[in-house]
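Undergrad: What follows is target.txt, compact mmCIF, C-alpha atoms.
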```
# COMPACT_ATOMS: atom_id res chain seq x y z
CA MET A 8 0.00 0.00 0.00
CA THR A 9 1.24 3.45 -0.85
CA ASN A 10 1.09 6.10 1.90
CA LEU A 11 0.25 9.57 0.69
CA SER A 12 2.07 12.29 2.62
CA PRO A 13 0.28 15.58 3.42
CA THR A 14 2.40 17.31 0.83
CA ALA A 15 1.46 14.86 -1.89
CA ALA A 16 -2.27 14.65 -1.29
CA GLY A 17 -5.03 16.95 -0.23
CA PRO A 18 -6.54 16.91 3.26
CA THR A 19 -8.99 14.14 2.25
CA GLY A 20 -6.46 11.98 0.52
CA GLY A 21 -7.61 13.05 -2.95
CA ARG A 22 -5.80 15.21 -5.43
CA PRO A 23 -2.73 17.02 -4.22
CA ALA A 24 -3.28 20.62 -3.23
CA ARG A 25 -1.97 23.03 -5.82
CA LYS A 26 0.98 24.99 -4.62
CA GLY A 27 0.59 28.73 -4.74
CA ALA A 28 -3.24 28.70 -4.47
CA ALA A 29 -3.17 30.27 -1.01
CA THR A 30 -0.59 32.72 -2.22
CA ARG A 31 -2.79 33.76 -5.14
CA HIS A 32 -6.00 34.09 -3.06
CA GLY A 33 -4.35 35.84 -0.07
CA PRO A 34 -3.87 39.29 -1.65
CA ALA A 35 -7.37 39.15 -3.18
CA ARG A 36 -8.96 38.44 0.18
CA LYS A 37 -6.84 41.12 1.86
CA GLY A 38 -7.84 43.64 -0.80
CA ALA A 39 -11.53 42.81 -0.37
CA ALA A 40 -11.23 43.21 3.39
CA THR A 41 -9.51 46.55 2.91
CA ARG A 42 -12.24 47.79 0.56
CA HIS A 43 -14.90 46.59 3.02
CA GLY A 44 -13.16 48.44 5.87
CA ARG A 45 -12.98 51.63 3.82
CA ALA A 46 -16.67 51.38 2.97
CA ARG A 47 -17.52 50.96 6.65
CA SER A 48 -15.35 53.95 7.52
CA ARG A 49 -17.08 56.12 4.92
CA ALA A 50 -20.47 55.00 6.20
CA GLY A 51 -19.41 55.84 9.76
CA VAL A 52 -18.24 59.30 8.72
CA LEU A 53 -21.52 59.83 6.90
CA PHE A 54 -23.58 58.92 9.96
CA VAL A 55 -21.61 61.04 12.45
CA SER A 56 -21.24 64.06 10.16
CA PRO A 57 -24.61 65.64 11.14
CA TYR A 58 -23.65 65.55 14.81
CA VAL A 59 -20.16 66.89 14.08
CA LEU A 60 -21.75 69.69 12.07
CA PHE A 61 -24.11 70.37 14.96
CA LEU A 62 -21.19 70.61 17.40
CA LEU A 63 -19.32 72.97 15.10
CA VAL A 64 -22.29 75.26 14.55
CA VAL A 65 -23.66 75.28 18.09
CA PHE A 66 -20.50 74.99 20.19
CA ALA A 67 -17.20 75.40 18.36
CA VAL A 68 -18.05 78.47 16.28
CA PRO A 69 -19.69 80.41 19.16
CA LEU A 70 -16.79 79.51 21.46
CA ALA A 71 -14.25 80.75 18.91
CA TYR A 72 -16.26 83.97 18.46
CA THR A 73 -16.43 84.37 22.24
CA LEU A 74 -12.65 84.07 22.44
CA TRP A 75 -12.33 86.74 19.76
CA ILE A 76 -14.72 89.10 21.55
CA SER A 77 -12.92 88.59 24.87
CA VAL A 78 -9.68 90.11 23.53
CA HIS A 79 -11.33 93.09 21.79
CA ARG A 80 -13.28 96.12 22.88
CA PHE A 81 -16.64 95.03 21.56
CA TYR A 82 -20.06 96.69 21.43
CA PHE A 83 -23.47 95.52 20.30
CA THR A 84 -24.68 97.62 17.38
CA ALA A 85 -27.77 97.91 15.24
CA PRO A 86 -27.92 95.74 12.09
CA GLY A 87 -25.90 97.32 9.27
CA THR A 88 -23.92 99.54 11.66
CA HIS A 89 -20.17 99.03 11.89
CA VAL A 90 -18.14 100.01 14.94
CA ASP A 91 -14.43 99.33 15.31
CA SER A 92 -13.47 96.61 17.79
CA PRO A 93 -9.87 97.39 18.78
CA TRP A 94 -7.58 94.73 20.20
CA VAL A 95 -7.21 95.03 23.99
CA GLY A 96 -5.37 91.78 24.75
CA LEU A 97 -6.00 90.48 28.27
CA SER A 98 -7.57 93.70 29.52
CA ASN A 99 -11.04 92.15 29.78
CA TYR A 100 -9.65 89.18 31.70
CA ARG A 101 -7.91 91.54 34.11
CA ASP A 102 -11.22 93.29 34.70
CA VAL A 103 -12.88 89.92 35.34
CA PHE A 104 -10.31 88.78 37.89
CA THR A 105 -10.30 92.11 39.73
CA ASP A 106 -14.09 92.50 39.93
CA PRO A 107 -15.29 91.57 43.44
CA VAL A 108 -18.75 90.66 42.13
CA VAL A 109 -17.17 87.99 39.89
CA GLY A 110 -15.38 86.52 42.88
CA ARG A 111 -18.63 86.47 44.83
CA ALA A 112 -20.41 84.78 41.91
CA PHE A 113 -17.86 81.94 41.78
CA LEU A 114 -18.01 81.62 45.57
CA ASN A 115 -21.78 81.29 45.29
CA ILE A 116 -21.38 78.54 42.70
CA GLY A 117 -18.92 76.80 45.01
CA VAL A 118 -21.50 76.85 47.81
CA PHE A 119 -24.13 75.58 45.39
CA LEU A 120 -21.99 72.67 44.18
CA VAL A 121 -20.96 71.64 47.70
CA ILE A 122 -24.64 71.28 48.61
CA ASN A 123 -26.18 70.18 45.32
CA VAL A 124 -23.75 67.55 43.99
CA PRO A 125 -23.52 65.30 47.10
CA LEU A 126 -27.26 65.57 47.71
CA THR A 127 -28.00 64.73 44.08
CA VAL A 128 -25.75 61.66 44.07
CA ILE A 129 -26.91 60.30 47.43
CA LEU A 130 -30.64 60.92 47.05
CA SER A 131 -30.89 59.80 43.43
CA LEU A 132 -28.93 56.59 44.05
CA VAL A 133 -30.92 55.68 47.16
CA LEU A 134 -34.23 56.42 45.45
CA ALA A 135 -33.20 54.52 42.33
CA ALA A 136 -32.26 51.47 44.40
CA ALA A 137 -35.62 51.65 46.17
CA LEU A 138 -37.57 52.11 42.94
CA ASN A 139 -35.65 49.25 41.33
CA ALA A 140 -37.04 46.85 43.92
CA LYS A 141 -40.45 45.22 43.58
CA ILE A 142 -42.63 47.60 45.56
CA ARG A 143 -46.27 48.58 45.26
CA PHE A 144 -47.08 51.60 43.09
CA ARG A 145 -43.56 51.59 41.69
CA ALA A 146 -44.62 53.13 38.37
CA PHE A 147 -46.48 55.91 40.20
CA PHE A 148 -43.44 56.82 42.31
CA ARG A 149 -41.16 56.83 39.28
CA ALA A 150 -43.46 59.24 37.47
CA ALA A 151 -43.88 61.40 40.58
CA TYR A 152 -40.14 61.89 41.00
CA TYR A 153 -39.68 62.64 37.31
CA LEU A 154 -42.55 65.14 37.07
CA PRO A 155 -40.71 68.20 38.53
CA TYR A 156 -37.90 67.74 36.01
CA ILE A 157 -40.20 68.16 33.02
CA THR A 158 -42.22 70.98 34.60
CA ALA A 159 -41.42 74.55 33.60
CA SER A 160 -39.11 76.33 36.05
CA VAL A 161 -41.44 79.33 36.25
CA ALA A 162 -44.27 77.15 37.60
CA LEU A 163 -41.99 75.49 40.14
CA VAL A 164 -40.61 78.84 41.25
CA ALA A 165 -44.17 79.94 42.01
CA VAL A 166 -44.58 76.88 44.25
CA TRP A 167 -41.25 77.60 45.98
CA GLN A 168 -42.23 81.22 46.52
CA PHE A 169 -45.51 80.09 48.04
CA LEU A 170 -43.62 77.84 50.45
CA PHE A 171 -40.58 79.95 51.34
CA GLY A 172 -41.62 83.53 50.60
CA THR A 173 -41.63 86.17 53.33
CA ASP A 174 -45.32 85.46 54.00
CA GLY A 175 -45.09 81.88 52.76
CA PHE A 176 -46.53 78.70 54.15
CA VAL A 177 -43.33 77.57 55.91
CA ASN A 178 -42.89 80.89 57.73
CA ASN A 179 -46.51 80.81 58.85
CA VAL A 180 -45.98 77.32 60.27
CA LEU A 181 -42.71 78.23 62.01
CA GLY A 182 -44.05 81.48 63.38
CA SER A 183 -41.47 83.19 65.58
CA HIS A 184 -38.90 80.49 64.69
CA ALA A 185 -38.84 81.55 61.03
CA PRO A 186 -35.55 83.11 59.87
CA ASP A 187 -35.38 86.88 59.71
CA PRO A 188 -34.76 87.98 56.97
CA SER A 189 -36.71 85.23 55.26
CA TRP A 190 -35.26 82.29 53.32
CA LEU A 191 -34.91 83.79 49.84
CA VAL A 192 -33.92 87.29 50.94
CA ASN A 193 -31.37 86.13 53.51
CA SER A 194 -27.76 86.54 52.36
CA HIS A 195 -26.75 83.34 54.19
CA LEU A 196 -29.71 81.18 53.12
CA ALA A 197 -30.47 82.32 49.57
CA MET A 198 -27.87 80.17 47.80
CA PRO A 199 -28.48 77.04 49.91
CA MET A 200 -32.20 77.38 49.19
CA ILE A 201 -31.49 77.60 45.46
CA ALA A 202 -29.29 74.49 45.74
CA LEU A 203 -32.13 72.61 47.45
CA PHE A 204 -34.60 73.81 44.81
CA VAL A 205 -32.41 72.61 41.92
CA THR A 206 -31.75 69.30 43.68
CA TRP A 207 -35.48 68.70 44.08
CA LYS A 208 -36.29 69.80 40.52
CA GLN A 209 -33.69 67.65 38.76
CA LEU A 210 -33.72 64.63 41.04
CA GLY A 211 -36.03 62.62 38.78
CA PHE A 212 -33.63 62.83 35.84
CA PHE A 213 -30.73 61.46 37.85
CA VAL A 214 -32.93 58.76 39.35
CA MET A 215 -33.68 57.60 35.80
CA LEU A 216 -29.95 57.49 35.01
CA TYR A 217 -29.28 55.32 38.03
CA LEU A 218 -32.27 53.10 37.28
CA ALA A 219 -30.81 52.43 33.83
CA ALA A 220 -27.41 51.66 35.35
CA LEU A 221 -28.91 49.28 37.90
CA GLN A 222 -30.22 47.07 35.09
CA ASN A 223 -26.61 46.14 34.33
CA VAL A 224 -25.85 44.99 37.89
CA GLY A 225 -26.33 41.22 37.88
CA ARG A 226 -28.74 39.67 40.37
CA GLU A 227 -26.22 36.91 40.99
CA LEU A 228 -23.97 39.47 42.71
CA TYR A 229 -26.68 40.22 45.25
CA GLU A 230 -27.37 36.51 45.70
CA ALA A 231 -23.68 35.82 46.30
CA ALA A 232 -23.49 38.67 48.81
CA SER A 233 -26.59 37.32 50.56
CA VAL A 234 -25.04 33.85 50.79
CA ASP A 235 -21.97 35.45 52.40
CA GLY A 236 -24.24 36.95 55.05
CA ALA A 237 -24.46 40.53 53.75
CA GLY A 238 -27.62 42.41 54.66
CA ARG A 239 -29.41 45.05 52.59
CA VAL A 240 -27.15 47.88 53.69
CA ARG A 241 -23.96 45.88 53.10
CA GLN A 242 -25.23 44.81 49.66
CA PHE A 243 -25.93 48.43 48.81
CA PHE A 244 -22.37 49.56 49.59
CA SER A 245 -20.60 46.42 48.34
CA VAL A 246 -22.60 45.67 45.18
CA THR A 247 -24.80 48.60 44.17
CA VAL A 248 -22.37 51.47 44.66
CA PRO A 249 -19.44 49.85 42.78
CA GLY A 250 -21.80 48.52 40.10
CA VAL A 251 -23.08 51.97 39.15
CA ARG A 252 -19.78 53.85 39.45
CA PRO A 253 -19.71 54.86 35.75
CA ALA A 254 -23.20 56.31 36.17
CA THR A 255 -22.03 58.15 39.28
CA THR A 256 -19.29 59.79 37.24
CA LEU A 257 -21.86 60.89 34.69
CA VAL A 258 -24.21 62.20 37.38
CA VAL A 259 -21.46 64.18 39.13
CA ILE A 260 -20.16 65.79 35.92
CA TYR A 261 -23.66 66.59 34.67
CA ALA A 262 -24.60 68.12 38.03
CA ILE A 263 -21.44 70.25 38.00
CA ILE A 264 -22.12 71.52 34.49
CA THR A 265 -25.75 72.25 35.36
CA GLY A 266 -24.78 74.10 38.53
CA ALA A 267 -22.11 76.15 36.80
CA ASN A 268 -24.72 77.28 34.22
CA LEU A 269 -27.23 78.37 36.85
CA PHE A 270 -29.34 81.26 35.60
CA SER A 271 -33.13 81.04 35.78
CA GLU A 272 -33.29 79.94 39.43
CA PRO A 273 -31.46 82.93 40.99
CA TYR A 274 -33.00 85.25 38.41
CA LEU A 275 -36.54 84.20 39.36
CA LEU A 276 -36.24 83.16 43.00
CA THR A 277 -34.15 86.04 44.37
CA GLY A 278 -34.97 88.86 41.99
CA GLY A 279 -31.77 88.76 39.96
CA GLY A 280 -29.11 87.46 42.35
CA GLY A 281 -30.01 89.25 45.57
CA PRO A 282 -29.69 90.15 48.27
CA ASP A 283 -26.49 92.09 47.59
CA HIS A 284 -25.18 89.51 45.02
CA ALA A 285 -25.55 86.71 47.58
CA SER A 286 -27.09 84.42 44.94
CA THR A 287 -25.53 85.82 41.77
CA SER A 288 -24.12 83.14 39.45
CA PRO A 289 -21.48 83.68 36.74
CA VAL A 290 -24.01 83.09 33.95
CA LEU A 291 -26.46 85.54 35.51
CA LEU A 292 -23.61 88.06 35.85
CA MET A 293 -22.75 87.53 32.17
CA TYR A 294 -26.32 88.43 31.29
CA GLN A 295 -26.30 91.49 33.51
CA LYS A 296 -22.93 92.75 32.26
CA GLY A 297 -23.33 91.83 28.61
CA ILE A 298 -27.01 92.56 27.94
CA GLU A 299 -28.25 94.91 30.61
CA GLN A 300 -25.07 97.01 31.02
CA GLY A 301 -23.71 96.75 27.48
CA HIS A 302 -20.30 95.17 28.13
CA PRO A 303 -20.30 91.99 26.00
CA ASP A 304 -16.49 91.87 25.94
CA PHE A 305 -16.40 91.57 29.73
CA ALA A 306 -19.15 88.93 29.58
CA ALA A 307 -17.22 86.98 26.92
CA ALA A 308 -14.07 86.93 29.05
CA LEU A 309 -16.12 85.80 32.04
CA GLY A 310 -17.62 83.03 29.90
CA VAL A 311 -14.17 81.78 28.89
CA VAL A 312 -13.06 81.76 32.53
CA LEU A 313 -16.22 79.85 33.45
CA VAL A 314 -15.50 77.20 30.78
CA GLY A 315 -12.02 76.70 32.22
CA PHE A 316 -13.45 76.49 35.74
CA VAL A 317 -15.97 73.83 34.71
CA LEU A 318 -13.31 71.80 32.88
CA VAL A 319 -10.98 71.78 35.89
CA ILE A 320 -13.73 70.88 38.37
CA SER A 321 -15.19 68.21 36.07
CA LEU A 322 -11.81 66.55 35.49
CA ALA A 323 -11.09 66.56 39.23
CA ALA A 324 -14.50 65.06 39.93
CA ARG A 325 -13.96 62.38 37.30
CA LYS A 326 -10.61 61.40 38.82
CA LEU A 327 -12.21 61.25 42.24
CA THR A 328 -15.24 59.16 41.26
CA GLU A 329 -13.24 56.76 39.06
CA ARG A 330 -10.54 56.19 41.66
CA GLY A 331 -10.32 52.53 42.54
CA ASN A 332 -11.56 51.19 39.19
```
Please express the file's structure as C-alpha cells.
TA:
Amino acid sequence: MTNLSPTAAGPTGGRPARKGAATRHGPARKGAATRHGRARSRAGVLFVSPYVLFLLVVFAVPLAYTLWISVHRFYFTAPGTHVDSPWVGLSNYRDVFTDPVVGRAFLNIGVFLVINVPLTVILSLVLAAALNAKIRFRAFFRAAYYLPYITASVALVAVWQFLFGTDGFVNNVLGSHAPDPSWLVNSHLAMPMIALFVTWKQLGFFVMLYLAALQNVGRELYEAASVDGAGRVRQFFSVTVPGVRPATTLVVIYAIITGANLFSEPYLLTGGGGPDHASTSPVLLMYQKGIEQGHPDFAAALGVVLVGFVLVISLAARKLTERGN
C-alpha cells in the first residue's frame, strides 16, 4: 500500500493541493477586506457628520467667536452699523479677575456645588435602588419623582415662593422660629435654598440614570453577597455602589455643568441674584454685564473663565469618582 504524505495529497487523501493557491488568493482576500473596511469607515463618517456639524455650529463656532470678543473692545450695534473693535489683549480678563462681584459669583457657585452635587448623588442613588425593587405603586413613584424635572421652572418657582416667601406657608408654620430675613432674601440662606430647589427639581432625571445603570448589575452578585451573610445595607455599599460607578461619574459631571450654568433659578427666586449679590451666578452676571449694562467683551471673558473652571472641576470630579476602578 502506498502512503500519501500531506504534501502529496489533499486533506482528504484526494488530489494534491496546488501549490501557490493560497498565495494567489491571499492578496485578493486582503484587498476585499480593505475595501470593506474603507466602505464601513465612509459609512461611519456619513452617519456622524450631522452631529459633528451640529457641534461645530452650536459649540465650536460660538466659542471661537467668544474668544475673539474677549480680547477686543466690543459693542453691540444695530444691524448694518459698523463700529471698530480694537484689540485690547487680556484687559477684559484683568477686569474679570479684579471685579469683586465675579469673585462672589464663583463663591456662590462653590456653595451651590458643595450642597447640590452630594445631595444629588446620594438621594438619586438611594431612590433609584428603592424604585428598582419590587414595591407597590412603583410606576407611580417613578413618574412622581420625574414630574418636577419636566415641569417649567417658572411654575416650580411659584410653588417655591408660596412655600418659602416672606409670607409663605413655611414661615406661617414656624411662626417666631422663622428666619429673619426670610429664606430667599437672607444673604446666608439664599444660595443654599437655590441648591435645594435645583436638587429637588432635577432629582427625577438622575434617578432615571441610576435606574438604567442598575439594570446592568447582575442579580447573581446580590445573591452571592446574601449567601456570604451581607444584609441590605452591606449589599448596597458592596454591590450597588461599585456597580453603578460609571453612572455616578456621569451624574457628578452633569450636576457640575448644570450648577455652573445656573441662571433662571437665581434670576426668578431672588430677583436677579439678591440680596447684595448673595445668589448671583457667573451666567447671571454675564447676562447682567453683557445685555443689561452693554459690556459683551467683559461677559465673553467671564464666559471663557467659566468654561475653564468647569473643565478643571469636572476633570477633578472624574478622577475622584473613578478612583479605585
Undergrad: Check the smallest atom-to-atom distance from each of A:Ala220, A:Leu191, A:Leu327, A:Val205 to Val124 of chain A using only C-alpha atoms, then report the winner.
TA: A:Val205
Undergrad: Any idea what the distance is between atom CA of Val317 of chain A and atom CA of Ala267 of chain A?
TA: 6.9 Å
Undergrad: Counting only C-alpha atoms, which residue out of A:Gln295, A:Leu181, A:Phe270, A:Ala306 sits closest to Asp102 of chain A?
TA: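 Nearest candidate to Asp102 of chain A out of A:Gln295, A:Leu181, A:Phe270, A:Ala306: A:Ala306.
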Undergrad: Which residues are near Arg226 of chain A? Cut-off 12 Å, all atoms listed in the file, ignore same chain within fewer than 2 positions. Put them as a PyMOL selection string.
TA: chain A and resi 139-140+221-224+228-233+242+246-247+250
Undergrad: Which residues come within 9 Å of Trp207 of chain A, counting all atoms listed in the file, excluding same-chain residues fewer than 4 positions away, as JSON, numbers by chain?
TA: {"A": [127, 152, 155, 156, 202, 203, 211]}
Undergrad: Which distance in Å separates atom CA of Pro107 of chain A and atom CA of Ser286 of chain A, to one decimal?
TA: 13.9 Å
Undergrad: Identify which of the residues A:Val68, A:Val78, A:Leu269, A:Val118 lies closest to Arg101 of chain A, counting all atoms listed in the file when measuring atom-to-atom distances.
TA: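 Among the listed residues, the smallest separation from Arg101 of chain A belongs to A:Val78.
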Undergrad: Extract, using all atoms listed in the file, all DNA, RNA and protein residues at most 8 Å from segment 252-262 of chain A, discarding same-chain residues fewer than 3 positions from it, and format them as a list in words.
TA: Asn123, Val124, Thr127, Val128, Phe213, Leu216, Tyr217, Ala220, Val248, Pro249, Thr265, Gly266, Ser321, Ala324, Arg325, Thr328 and Glu329 of chain A
Undergrad: Identify which of the residues A:Ala197, A:Leu309, A:Leu138, A:Ile320 lies closest to Pro273 of chain A, counting only C-alpha atoms when measuring atom-to-atom distances.
TA: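 Going through A:Ala197, A:Leu309, A:Leu138, A:Ile320 one by one, the smallest distance to Pro273 of chain A is for A:Ala197.
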Undergrad: Please indicate the distance in Å from atom CA of Leu292 of chain A to atom CA of Ala112 of chain A, rounded to one decimal place.
TA: 7.6 Å
Undergrad: Return the single residue from A:Leu53, A:Lys208, A:Ser77, A:Val95 that is closest to Ala162 of chain A, with distances computed using all atoms listed in the file.
TA: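 Of the candidates, the smallest distance to Ala162 of chain A is held by A:Lys208.
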Undergrad: Counting only C-alpha atoms, which residues come within 12 Å of (-16.3, 87.2, 41.9), with the point read in the file's coordinates, and could you list them as a PDB file with C-alpha atoms, in the coordinates of the input?
TA:
```pdb
ATOM      1  CA  ASP A 102     -11.220  93.290  34.700  1.00  0.00           C
ATOM      2  CA  VAL A 103     -12.880  89.920  35.340  1.00  0.00           C
ATOM      3  CA  PHE A 104     -10.310  88.780  37.890  1.00  0.00           C
ATOM      4  CA  THR A 105     -10.300  92.110  39.730  1.00  0.00           C
ATOM      5  CA  ASP A 106     -14.090  92.500  39.930  1.00  0.00           C
ATOM      6  CA  PRO A 107     -15.290  91.570  43.440  1.00  0.00           C
ATOM      7  CA  VAL A 108     -18.750  90.660  42.130  1.00  0.00           C
ATOM      8  CA  VAL A 109     -17.170  87.990  39.890  1.00  0.00           C
ATOM      9  CA  GLY A 110     -15.380  86.520  42.880  1.00  0.00           C
ATOM     10  CA  ARG A 111     -18.630  86.470  44.830  1.00  0.00           C
ATOM     11  CA  ALA A 112     -20.410  84.780  41.910  1.00  0.00           C
ATOM     12  CA  PHE A 113     -17.860  81.940  41.780  1.00  0.00           C
ATOM     13  CA  LEU A 114     -18.010  81.620  45.570  1.00  0.00           C
ATOM     14  CA  ASN A 115     -21.780  81.290  45.290  1.00  0.00           C
ATOM     15  CA  ILE A 116     -21.380  78.540  42.700  1.00  0.00           C
ATOM     16  CA  GLY A 117     -18.920  76.800  45.010  1.00  0.00           C
ATOM     17  CA  HIS A 284     -25.180  89.510  45.020  1.00  0.00           C
ATOM     18  CA  ALA A 285     -25.550  86.710  47.580  1.00  0.00           C
ATOM     19  CA  SER A 286     -27.090  84.420  44.940  1.00  0.00           C
ATOM     20  CA  THR A 287     -25.530  85.820  41.770  1.00  0.00           C
ATOM     21  CA  SER A 288     -24.120  83.140  39.450  1.00  0.00           C
ATOM     22  CA  PRO A 289     -21.480  83.680  36.740  1.00  0.00           C
ATOM     23  CA  VAL A 290     -24.010  83.090  33.950  1.00  0.00           C
ATOM     24  CA  LEU A 292     -23.610  88.060  35.850  1.00  0.00           C
ATOM     25  CA  MET A 293     -22.750  87.530  32.170  1.00  0.00           C
ATOM     26  CA  LEU A 309     -16.120  85.800  32.040  1.00  0.00           C
ATOM     27  CA  VAL A 312     -13.060  81.760  32.530  1.00  0.00           C
ATOM     28  CA  LEU A 313     -16.220  79.850  33.450  1.00  0.00           C
TER      29      LEU A 313
END
```
Undergrad: Which of these residues is nearest to Ala150 of chain A, using all atoms listed in the file: A:Leu126, A:Gly51, A:Val214, A:Gly175?
TA: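 Closest to Ala150 of chain A of all the choices is A:Val214.
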Undergrad: Can you list, as a ChimeraX atom specification, every protein, DNA or RNA residue that comes within 9 Å of Ser160 of chain A when you count only C-alpha atoms, leaving out same-chain residues fewer than 3 positions away?
TA: /A:155-157,163-165,208,271-272,275
Undergrad: Could you add N, CA and C atoms to segment 201-212 of chain A and give me the result as a compact mmCIF listing (two decimals), in the coordinates of the input?
TA:
```txt
# COMPACT_ATOMS: atom_id res chain seq x y z
N ILE A 201 -31.51 77.85 46.90
CA ILE A 201 -31.49 77.60 45.46
C ILE A 201 -30.92 76.21 45.18
N ALA A 202 -29.88 75.83 45.92
CA ALA A 202 -29.29 74.49 45.74
C ALA A 202 -30.31 73.40 46.06
N LEU A 203 -31.09 73.59 47.11
CA LEU A 203 -32.13 72.61 47.45
C LEU A 203 -33.22 72.58 46.38
N PHE A 204 -33.58 73.75 45.87
CA PHE A 204 -34.60 73.81 44.81
C PHE A 204 -34.14 73.05 43.57
N VAL A 205 -32.92 73.28 43.11
CA VAL A 205 -32.41 72.61 41.92
C VAL A 205 -32.28 71.10 42.16
N THR A 206 -31.85 70.72 43.36
CA THR A 206 -31.75 69.30 43.68
C THR A 206 -33.11 68.63 43.57
N TRP A 207 -34.13 69.26 44.14
CA TRP A 207 -35.48 68.70 44.08
C TRP A 207 -36.00 68.67 42.65
N LYS A 208 -35.76 69.73 41.88
CA LYS A 208 -36.29 69.80 40.52
C LYS A 208 -35.68 68.75 39.60
N GLN A 209 -34.38 68.52 39.71
CA GLN A 209 -33.69 67.65 38.76
C GLN A 209 -33.49 66.23 39.27
N LEU A 210 -33.98 65.95 40.45
CA LEU A 210 -33.72 64.63 41.04
C LEU A 210 -34.25 63.50 40.17
N GLY A 211 -35.43 63.69 39.58
CA GLY A 211 -36.03 62.62 38.78
C GLY A 211 -35.17 62.20 37.61
N PHE A 212 -34.49 63.16 36.98
CA PHE A 212 -33.63 62.83 35.84
C PHE A 212 -32.48 61.93 36.27
```
